[in-house]
$ cat my_file.csv   # CSV, C-alpha atoms
chain,number,residue,atom,x,y,z
A,1,MET,CA,-10.4,-4.3,17.9
A,2,SER,CA,-6.9,-5.9,17.7
A,3,SER,CA,-5.2,-6.9,14.4
A,4,ARG,CA,-5.3,-10.6,15.6
A,5,ARG,CA,-9.1,-10.4,16.1
A,6,LEU,CA,-9.6,-8.8,12.7
A,7,SER,CA,-7.5,-11.3,10.8
A,8,THR,CA,-9.3,-14.3,12.4
A,9,LEU,CA,-12.6,-13.1,10.8
A,10,TRP,CA,-11.3,-13.8,7.4
A,11,ALA,CA,-9.6,-17.0,8.5
A,12,ARG,CA,-12.9,-18.4,9.6
A,13,GLU,CA,-14.5,-17.7,6.2
A,14,MET,CA,-11.4,-19.1,4.5
A,15,ARG,CA,-11.3,-22.4,6.4
A,16,GLY,CA,-15.0,-22.9,7.0
A,17,SER,CA,-17.0,-23.6,10.1
A,18,GLN,CA,-20.6,-24.1,11.1
A,19,THR,CA,-23.5,-23.6,8.8
A,20,SER,CA,-25.1,-21.3,11.3
A,21,TYR,CA,-22.2,-18.9,11.2
A,22,ILE,CA,-22.3,-18.6,7.4
A,23,SER,CA,-26.0,-17.8,7.5
A,24,GLN,CA,-25.5,-15.1,10.1
A,25,CYS,CA,-22.8,-13.4,8.1
A,26,ALA,CA,-25.1,-13.4,5.0
A,27,ARG,CA,-27.4,-11.2,7.1
A,28,ILE,CA,-24.7,-8.8,8.1
A,29,THR,CA,-26.6,-5.7,6.8
A,30,THR,CA,-29.1,-6.0,9.5
A,31,SER,CA,-26.8,-6.9,12.3
A,32,THR,CA,-23.1,-5.9,11.9
A,33,THR,CA,-22.6,-6.7,15.6
A,34,LEU,CA,-22.5,-10.4,14.6
A,35,LEU,CA,-19.0,-9.9,13.2
A,36,VAL,CA,-17.8,-8.0,16.2
A,37,SER,CA,-19.1,-10.5,18.8
A,38,ALA,CA,-18.3,-13.7,17.0
A,39,THR,CA,-15.7,-15.9,18.6
A,40,CYS,CA,-13.3,-17.0,15.8
A,41,PRO,CA,-10.4,-19.6,15.8
A,42,SER,CA,-6.8,-18.5,15.4
A,43,THR,CA,-5.5,-18.1,11.8
A,44,ARG,CA,-3.1,-20.9,12.5
A,45,SER,CA,-5.9,-23.3,13.6
A,46,THR,CA,-6.7,-26.5,11.7
A,47,ARG,CA,-9.7,-26.9,9.4
A,48,LYS,CA,-11.7,-28.7,12.1
A,49,SER,CA,-13.4,-26.4,14.6
A,50,SER,CA,-13.2,-27.2,18.3
A,51,LEU,CA,-15.7,-24.6,19.5
A,52,GLN,CA,-18.6,-27.1,19.7
A,53,PRO,CA,-17.3,-30.6,19.8
A,54,ASN,CA,-20.8,-32.2,19.9
A,55,VAL,CA,-21.9,-30.4,16.7
A,56,ALA,CA,-21.3,-31.9,13.3
A,57,ILE,CA,-18.7,-29.7,11.4
A,58,ARG,CA,-18.1,-29.4,7.7
A,59,SER,CA,-15.6,-27.6,5.6
A,60,TYR,CA,-16.7,-25.0,3.0
A,61,SER,CA,-15.4,-25.0,-0.6
A,62,GLN,CA,-13.7,-22.2,-2.3
A,63,GLY,CA,-17.1,-21.5,-4.0
A,64,LYS,CA,-18.8,-20.9,-0.7
A,65,VAL,CA,-16.1,-18.5,0.4
A,66,ALA,CA,-16.4,-16.7,-3.0
A,67,ASP,CA,-20.2,-16.4,-2.6
A,68,LEU,CA,-19.8,-14.9,0.9
A,69,ALA,CA,-17.1,-12.4,-0.2
A,70,LYS,CA,-19.3,-11.3,-3.1
A,71,ASN,CA,-22.1,-10.7,-0.7
A,72,PHE,CA,-19.8,-8.4,1.3
A,73,SER,CA,-18.5,-6.6,-1.8
A,74,ARG,CA,-22.0,-5.4,-2.7
A,75,ARG,CA,-21.9,-3.1,0.4
A,76,PRO,CA,-18.8,-0.9,0.0
A,77,GLY,CA,-17.7,1.1,3.0
A,78,THR,CA,-19.5,-1.0,5.6
A,79,ALA,CA,-17.9,-2.5,8.7
A,80,ALA,CA,-18.3,-6.0,7.1
A,81,GLU,CA,-16.3,-5.1,4.0
A,82,THR,CA,-13.6,-3.6,6.2
A,83,TYR,CA,-13.2,-6.8,8.2
A,84,VAL,CA,-13.1,-9.0,5.2
A,85,ALA,CA,-10.7,-6.6,3.4
A,86,TYR,CA,-8.4,-6.7,6.3
A,87,GLY,CA,-8.1,-10.4,6.4
A,88,MET,CA,-8.0,-10.9,2.7
A,89,THR,CA,-5.3,-8.3,2.2
A,90,GLN,CA,-3.3,-10.0,5.0
A,91,LYS,CA,-3.2,-13.2,3.0
A,92,LEU,CA,-2.4,-11.3,-0.2
A,93,PHE,CA,0.4,-9.5,1.5
A,94,GLU,CA,1.9,-12.7,3.0
A,95,ALA,CA,2.2,-14.0,-0.6
A,96,CYS,CA,3.8,-10.8,-1.7
A,97,SER,CA,6.3,-10.7,1.2
A,98,SER,CA,7.3,-14.3,0.7
A,99,GLN,CA,8.6,-13.9,-2.8
A,100,ALA,CA,11.9,-12.4,-1.7
A,101,ASP,CA,11.9,-13.4,1.9
A,102,TYR,CA,15.2,-13.4,3.8
A,103,LYS,CA,16.6,-14.1,7.2
A,104,ILE,CA,19.7,-12.9,9.1
A,105,PRO,CA,20.8,-15.7,11.4
A,106,GLN,CA,23.4,-13.5,13.2
A,107,ALA,CA,20.6,-11.3,14.5
A,108,SER,CA,19.7,-13.9,17.0
A,109,GLN,CA,23.3,-14.7,18.0
A,110,LYS,CA,24.6,-12.5,20.8
A,111,GLY,CA,27.8,-10.7,19.7
A,112,ALA,CA,27.7,-12.1,16.2
A,113,GLU,CA,28.7,-9.7,13.4
A,114,VAL,CA,26.2,-9.3,10.6
A,115,PRO,CA,27.8,-9.4,7.1
A,116,LYS,CA,27.4,-6.3,5.0
A,117,THR,CA,27.1,-5.6,1.2
A,118,GLU,CA,29.5,-3.1,-0.4
A,119,ALA,CA,26.8,-0.5,0.0
A,120,GLY,CA,26.8,-1.2,3.8
A,121,GLU,CA,23.4,-3.0,3.9
A,122,ASP,CA,22.9,-5.9,6.3
A,123,LEU,CA,23.3,-9.1,4.2
A,124,GLY,CA,21.1,-12.1,4.9
A,125,VAL,CA,20.3,-15.4,3.4
A,126,GLY,CA,17.3,-16.1,1.1
A,127,GLU,CA,15.9,-18.5,-1.4
A,128,GLY,CA,13.9,-18.2,-4.6
A,129,TRP,CA,14.4,-17.1,-8.1
A,130,TRP,CA,14.7,-13.4,-7.3
A,131,TYR,CA,18.0,-14.3,-5.6
A,132,LYS,CA,19.2,-17.4,-7.4
A,133,GLU,CA,18.1,-16.5,-11.0
A,134,LEU,CA,18.4,-12.8,-11.0
A,135,GLY,CA,21.4,-12.5,-8.6
A,136,LEU,CA,19.8,-9.9,-6.3
A,137,LYS,CA,21.2,-9.7,-2.7
A,138,PRO,CA,19.0,-10.8,0.2
A,139,THR,CA,18.7,-7.5,2.0
A,140,PHE,CA,15.9,-5.4,3.5
A,141,SER,CA,16.1,-3.2,0.4
A,142,THR,CA,15.6,-6.1,-2.0
A,143,TRP,CA,12.8,-7.6,0.1
A,144,SER,CA,10.9,-4.3,0.2
A,145,GLN,CA,11.3,-3.6,-3.6
A,146,VAL,CA,10.2,-7.1,-4.6
A,147,THR,CA,7.3,-7.0,-2.1
A,148,PHE,CA,6.3,-3.5,-3.5
A,149,LEU,CA,6.4,-4.9,-7.0
A,150,HIS,CA,3.9,-7.7,-6.1
A,151,MET,CA,1.7,-5.3,-4.1
A,152,TYR,CA,1.6,-3.1,-7.2
A,153,LEU,CA,0.5,-6.0,-9.4
A,154,LEU,CA,-2.4,-6.7,-6.9
A,155,THR,CA,-3.2,-3.0,-6.8
A,156,VAL,CA,-3.7,-2.9,-10.5
A,157,ARG,CA,-6.1,-5.8,-10.3
A,158,LEU,CA,-7.9,-4.3,-7.3
A,159,ARG,CA,-8.6,-1.2,-9.3
A,160,ALA,CA,-11.2,-3.2,-11.2
A,161,LEU,CA,-13.3,-3.5,-8.1
A,162,PRO,CA,-16.8,-2.1,-8.8
A,163,TYR,CA,-16.6,0.7,-6.1
A,164,ARG,CA,-14.0,3.3,-5.5
A,165,GLU,CA,-14.5,3.0,-1.8
A,166,SER,CA,-13.6,-0.7,-2.0
A,167,VAL,CA,-10.4,0.1,-3.9
A,168,THR,CA,-9.4,2.6,-1.3
A,169,THR,CA,-10.2,0.2,1.6
A,170,TYR,CA,-8.2,-2.7,0.1
A,171,SER,CA,-5.2,-0.5,-0.9
A,172,ARG,CA,-5.0,1.0,2.5
A,173,HIS,CA,-5.0,-2.3,4.3
A,174,LEU,CA,-2.3,-3.7,1.9
A,175,ILE,CA,0.2,-0.9,2.7
A,176,ASP,CA,-0.7,-1.2,6.4
A,177,HIS,CA,0.3,-4.8,6.4
A,178,PHE,CA,3.6,-3.9,4.7
A,179,SER,CA,4.3,-1.2,7.3
A,180,HIS,CA,3.7,-3.6,10.2
A,181,GLU,CA,6.0,-6.3,8.7
A,182,ALA,CA,8.7,-3.8,7.7
A,183,GLU,CA,8.8,-2.4,11.2
A,184,HIS,CA,9.0,-5.9,12.6
A,185,ARG,CA,12.0,-6.7,10.4
A,186,MET,CA,13.8,-3.5,11.3
A,187,ASP,CA,13.5,-4.4,15.0
A,188,MET,CA,14.2,-8.1,14.7
A,189,TYR,CA,16.9,-8.3,12.0
A,190,HIS,CA,18.5,-4.8,11.8
A,191,ASP,CA,18.7,-3.7,15.5
A,192,LEU,CA,16.6,-0.6,15.1
A,193,GLY,CA,15.0,-0.5,18.5
A,194,SER,CA,14.2,3.2,18.4
A,195,ARG,CA,10.6,3.7,17.3
A,196,THR,CA,11.5,7.2,16.1
A,197,ILE,CA,14.1,5.9,13.7
A,198,ARG,CA,11.8,3.2,12.5
A,199,ASN,CA,9.0,5.7,11.8
A,200,LYS,CA,11.5,7.8,9.8
A,201,TYR,CA,12.3,4.8,7.6
A,202,LEU,CA,8.6,3.9,7.3
A,203,LYS,CA,7.8,7.4,6.0
A,204,ASP,CA,10.6,7.0,3.4
A,205,LEU,CA,9.2,3.7,2.4
A,206,PHE,CA,5.7,5.1,2.0
A,207,ILE,CA,7.2,7.8,-0.3
A,208,GLN,CA,8.9,5.1,-2.3
A,209,TRP,CA,5.6,3.2,-2.6
A,210,ARG,CA,3.9,6.2,-4.1
A,211,GLY,CA,6.8,6.7,-6.5
A,212,ILE,CA,6.7,3.0,-7.5
A,213,ILE,CA,3.0,3.2,-8.3
A,214,ALA,CA,3.6,6.2,-10.6
A,215,ALA,CA,6.7,4.6,-12.2
A,216,TYR,CA,5.1,1.3,-13.0
A,217,ASP,CA,1.9,2.9,-14.2
A,218,GLU,CA,3.9,4.9,-16.6
A,219,GLY,CA,5.7,1.8,-17.8
A,220,LEU,CA,2.5,-0.1,-18.4
A,221,ALA,CA,1.1,2.9,-20.4
A,222,LYS,CA,4.2,3.7,-22.4
A,223,GLY,CA,5.7,0.3,-23.2
A,224,ASP,CA,8.2,-2.3,-22.1
A,225,ALA,CA,11.3,0.0,-22.5
A,226,VAL,CA,9.8,2.5,-19.9
A,227,LEU,CA,8.6,-0.4,-17.7
A,228,GLY,CA,12.1,-2.0,-17.9
A,229,ALA,CA,13.7,1.3,-16.8
A,230,ALA,CA,11.4,1.5,-13.8
A,231,VAL,CA,12.3,-2.1,-12.9
A,232,TRP,CA,16.0,-1.3,-13.3
A,233,ARG,CA,15.8,1.8,-11.1
A,234,ASN,CA,13.9,0.0,-8.3
A,235,LEU,CA,15.4,-3.5,-8.2
A,236,TRP,CA,18.9,-2.7,-9.4
A,237,LYS,CA,19.0,0.8,-8.0
A,238,GLY,CA,19.8,2.3,-11.3
A,239,SER,CA,23.3,0.9,-11.3
A,240,GLN,CA,25.3,0.0,-14.4
A,241,THR,CA,26.7,-3.0,-12.6
A,242,GLY,CA,25.2,-6.0,-10.8
A,243,PRO,CA,25.3,-6.8,-7.1
A,244,ASP,CA,28.8,-8.4,-7.5
A,245,GLY,CA,30.3,-5.6,-9.6
A,246,GLU,CA,29.8,-7.3,-12.9
A,247,GLU,CA,28.2,-5.5,-15.9
A,248,ILE,CA,24.5,-5.6,-15.5
A,249,ASP,CA,22.7,-8.3,-17.5
A,250,TRP,CA,19.8,-6.5,-19.2
A,251,ALA,CA,18.2,-9.9,-20.0
A,252,LYS,CA,17.4,-10.2,-16.3
A,253,VAL,CA,15.6,-6.9,-16.4
A,254,ALA,CA,13.7,-8.0,-19.4
A,255,GLN,CA,12.7,-11.2,-17.6
A,256,VAL,CA,11.1,-9.2,-14.8
A,257,VAL,CA,9.2,-7.1,-17.4
A,258,VAL,CA,7.9,-10.4,-19.0
A,259,TYR,CA,7.0,-11.6,-15.5
A,260,ILE,CA,5.0,-8.4,-14.8
A,261,ARG,CA,3.1,-8.7,-18.0
A,262,ARG,CA,2.3,-12.3,-17.5
A,263,VAL,CA,1.2,-12.0,-13.9
A,264,LEU,CA,-1.1,-9.0,-14.8
A,265,SER,CA,-2.6,-11.0,-17.6
A,266,GLU,CA,-3.3,-14.0,-15.3
A,267,LEU,CA,-4.6,-11.8,-12.5
A,268,ALA,CA,-7.1,-10.1,-14.9
A,269,LYS,CA,-8.7,-13.5,-15.5
A,270,LYS,CA,-9.4,-14.1,-11.8
A,271,ASP,CA,-12.3,-12.7,-9.8
A,272,GLU,CA,-11.1,-10.6,-6.9
A,273,VAL,CA,-12.6,-13.1,-4.4
A,274,ASP,CA,-10.4,-15.9,-5.9
A,275,LEU,CA,-7.1,-13.9,-5.7
A,276,VAL,CA,-6.0,-15.5,-2.4
A,277,PHE,CA,-6.3,-19.0,-3.9
A,278,ALA,CA,-4.8,-18.0,-7.3
A,279,ILE,CA,-1.5,-16.2,-6.4
A,280,GLY,CA,-0.1,-19.1,-4.4
A,281,SER,CA,0.6,-19.7,-0.7
A,282,ALA,CA,3.2,-17.9,1.4
A,283,ASP,CA,5.0,-21.2,2.2
A,284,LYS,CA,5.5,-21.8,-1.5
A,285,LYS,CA,3.7,-25.2,-1.3
A,286,THR,CA,1.4,-23.9,-4.0
A,287,ARG,CA,3.1,-22.2,-6.9
A,288,GLY,CA,0.2,-20.0,-8.1
A,289,ILE,CA,0.4,-17.0,-10.4
A,290,PHE,CA,3.3,-15.4,-8.5
A,291,GLY,CA,5.5,-18.5,-9.0
A,292,TYR,CA,8.6,-18.6,-11.3
A,293,SER,CA,8.0,-19.6,-14.9
A,294,GLU,CA,10.7,-21.0,-17.1
A,295,ALA,CA,8.6,-19.8,-20.1
A,296,ASP,CA,9.3,-16.1,-19.1
A,297,LYS,CA,13.1,-16.7,-19.4
A,298,LYS,CA,12.7,-18.6,-22.7
A,299,LEU,CA,10.7,-15.8,-24.1
A,300,VAL,CA,13.5,-13.3,-23.3
A,301,GLU,CA,16.1,-15.6,-24.8
A,302,SER,CA,14.2,-16.2,-28.0
A,303,SER,CA,13.9,-12.4,-28.4
A,304,LYS,CA,17.7,-11.8,-28.3

$ encode --input "my_file.csv" --output "structure tokens"
Amino acid sequence: MSSRRLSTLWAREMRGSQTSYISQCARITTSTTLLVSATCPSTRSTRKSSLQPNVAIRSYSQGKVADLAKNFSRRPGTAAETYVAYGMTQKLFEACSSQADYKIPQASQKGAEVPKTEAGEDLGVGEGWWYKELGLKPTFSTWSQVTFLHMYLLTVRLRALPYRESVTTYSRHLIDHFSHEAEHRMDMYHDLGSRTIRNKYLKDLFIQWRGIIAAYDEGLAKGDAVLGAAVWRNLWKGSQTGPDGEEIDWAKVAQVVVYIRRVLSELAKKDEVDLVFAIGSADKKTRGIFGYSEADKKLVESSK
């Protein structure tokens, strides 16, 4: 089954459709083929279904979606959970990826020269507090590290799922989504047309991901100083100077540490089925838990 087909299964549950479809999904234990054979709208479709124009259509609330997801979560390791996990983690990953999103306009201009950082990385353009407030450069490296950080925050929350099989399923889908997006950016923005080269970079990124989990776990267990050191190594590459050559501002590192602590605290208060709604939208129209908080900065400044 294609990635597009899998993602639309969650989209249907997210946006609502016909009452008959919901009742069928609730009986998935006796007929998993319903999920395979169902015809679902595109993830970019509107809230109104056009499959049966003569049938009255209604939208389902967040509570309805939550009830359906809870029904699936009671059956770890089944095909139903796999389908739901794939779609749900796709939405979660989109929110992670959007935090430090960037673009390289020259990549679509024939013969245009892409600007470089002092370290030789392709330099793009990006918005958001990770660039404007912290002064990080909009590069593939920054995007991957900030995305990894948010994936880690979700991973910590997903560890509270009631079944180990569920934790494994959701974690695997989350890193799969990252791999697909990272490879897409390598090809689209960084002129890495060779699959062999892209695969090499993807293997390196996976190793980084495993190291990031260990480093941030250690920081959470041993305190803010150790957590701050992990943030400094990953986001600022362990450099004593900032991206523009100035002396590094450790208050910015502390601000990320406060951000991590706050986000984890807020995620802990949410049911896993509500995470998609709670963290905010990828288009930034909904701030959510992942959004910038002026209170984080004020807390750091008051501690100086």

$ closest_residue --input "my_file.csv" --among "A:Glu272, A:Asn234, A:Val263, A:Arg172" --to "Gly291 (chain A)" --atoms "only C-alpha atoms"
A:Val263

$ residues_around --input "my_file.csv" --residues "Phe140 (chain A)" --least-positions-apart "3" --cutoff "10 Å" --atoms "all atoms listed in the file" --output "PyMOL selection string"
chain A and resi 100-103+121-124+137+143-145+182+185-186+189-190

$ residues_around --input "my_file.csv" --residues "Leu275 (chain A)" --least-positions-apart "4" --cutoff "9 Å" --atoms "only C-alpha atoms" --output "PyMOL selection string"
chain A and resi 88+92+154+267+270-271+279-280

$ residues_around --input "my_file.csv" --residues "Ala230 (chain A)" --least-positions-apart "2" --cutoff "9 Å" --atoms "all atoms listed in the file" --output "JSON, numbers by chain"
{"A": [212, 215, 216, 218, 219, 225, 226, 227, 228, 232, 233, 234, 235, 238]}

$ residues_near_point --input "my_file.csv" --point "(21.0, -13.6, 12.6)" --cutoff "10 Å" --atoms "only C-alpha atoms" --output "PDB file with C-alpha atoms, in the coordinates of the input"
ATOM      1  CA  LYS A 103      16.600 -14.100   7.200  1.00  0.00           C
ATOM      2  CA  ILE A 104      19.700 -12.900   9.100  1.00  0.00           C
ATOM      3  CA  PRO A 105      20.800 -15.700  11.400  1.00  0.00           C
ATOM      4  CA  GLN A 106      23.400 -13.500  13.200  1.00  0.00           C
ATOM      5  CA  ALA A 107      20.600 -11.300  14.500  1.00  0.00           C
ATOM      6  CA  SER A 108      19.700 -13.900  17.000  1.00  0.00           C
ATOM      7  CA  GLN A 109      23.300 -14.700  18.000  1.00  0.00           C
ATOM      8  CA  LYS A 110      24.600 -12.500  20.800  1.00  0.00           C
ATOM      9  CA  ALA A 112      27.700 -12.100  16.200  1.00  0.00           C
ATOM     10  CA  GLU A 113      28.700  -9.700  13.400  1.00  0.00           C
ATOM     11  CA  VAL A 114      26.200  -9.300  10.600  1.00  0.00           C
ATOM     12  CA  PRO A 115      27.800  -9.400   7.100  1.00  0.00           C
ATOM     13  CA  LEU A 123      23.300  -9.100   4.200  1.00  0.00           C
ATOM     14  CA  GLY A 124      21.100 -12.100   4.900  1.00  0.00           C
ATOM     15  CA  VAL A 125      20.300 -15.400   3.400  1.00  0.00           C
ATOM     16  CA  MET A 188      14.200  -8.100  14.700  1.00  0.00           C
ATOM     17  CA  TYR A 189      16.900  -8.300  12.000  1.00  0.00           C
ATOM     18  CA  HIS A 190      18.500  -4.800  11.800  1.00  0.00           C
TER      19      HIS A 190
END

$ atom_distance --input "my_file.csv" --atom1 "CA of Ala254 (chain A)" --atom2 "CA of Leu299 (chain A)"
9.6 Å

$ closest_residue --input "my_file.csv" --among "A:Ser98, A:Gln255, A:Ser302, A:Asp191" --to "Gly126 (chain A)" --atoms "only C-alpha atoms"
A:Ser98

$ atom_distance --input "my_file.csv" --atom1 "CA of Thr82 (chain A)" --atom2 "CA of Glu165 (chain A)"
10.4 Å

$ closest_residue --input "my_file.csv" --among "A:Ala251, A:Ala268, A:Ile260, A:Ile213" --to "Val300 (chain A)" --atoms "all atoms listed in the file"
A:Ala251

$ build_atoms --input "my_file.csv" --residues "region 228-243 of chain A" --atoms "N, CA and C atoms" --output "compact mmCIF listing (two decimals), keeping the file's coordinate frame"
# COMPACT_ATOMS: atom_id res chain seq x y z
N GLY A 228 10.79 -1.39 -18.20
CA GLY A 228 12.10 -2.00 -17.90
C GLY A 228 12.98 -0.97 -17.13
N ALA A 229 12.91 0.30 -17.53
CA ALA A 229 13.70 1.30 -16.80
C ALA A 229 13.25 1.49 -15.40
N ALA A 230 11.93 1.38 -15.16
CA ALA A 230 11.40 1.50 -13.80
C ALA A 230 11.87 0.28 -12.96
N VAL A 231 11.85 -0.91 -13.57
CA VAL A 231 12.30 -2.10 -12.90
C VAL A 231 13.81 -1.96 -12.53
N TRP A 232 14.60 -1.49 -13.48
CA TRP A 232 16.00 -1.30 -13.30
C TRP A 232 16.33 -0.31 -12.15
N ARG A 233 15.59 0.79 -12.12
CA ARG A 233 15.80 1.80 -11.10
C ARG A 233 15.46 1.25 -9.69
N ASN A 234 14.40 0.46 -9.60
CA ASN A 234 13.90 0.00 -8.30
C ASN A 234 14.65 -1.25 -7.79
N LEU A 235 14.79 -2.25 -8.63
CA LEU A 235 15.40 -3.50 -8.20
C LEU A 235 16.93 -3.47 -8.27
N TRP A 236 17.46 -2.81 -9.30
CA TRP A 236 18.90 -2.70 -9.40
C TRP A 236 19.46 -1.35 -9.07
N LYS A 237 18.58 -0.50 -8.51
CA LYS A 237 19.00 0.80 -8.00
C LYS A 237 19.61 1.71 -9.01
N GLY A 238 19.25 1.51 -10.25
CA GLY A 238 19.80 2.30 -11.30
C GLY A 238 21.25 2.21 -11.55
N SER A 239 21.82 1.09 -11.14
CA SER A 239 23.30 0.90 -11.30
C SER A 239 23.61 0.25 -12.61
N GLN A 240 24.79 0.58 -13.14
CA GLN A 240 25.30 0.00 -14.40
C GLN A 240 25.92 -1.37 -14.14
N THR A 241 26.11 -1.71 -12.90
CA THR A 241 26.70 -3.00 -12.60
C THR A 241 25.79 -3.80 -11.67
N GLY A 242 25.99 -5.11 -11.66
CA GLY A 242 25.20 -6.00 -10.80
C GLY A 242 25.64 -5.98 -9.40
N PRO A 243 25.00 -6.76 -8.55
CA PRO A 243 25.30 -6.80 -7.10
C PRO A 243 26.76 -7.19 -6.83
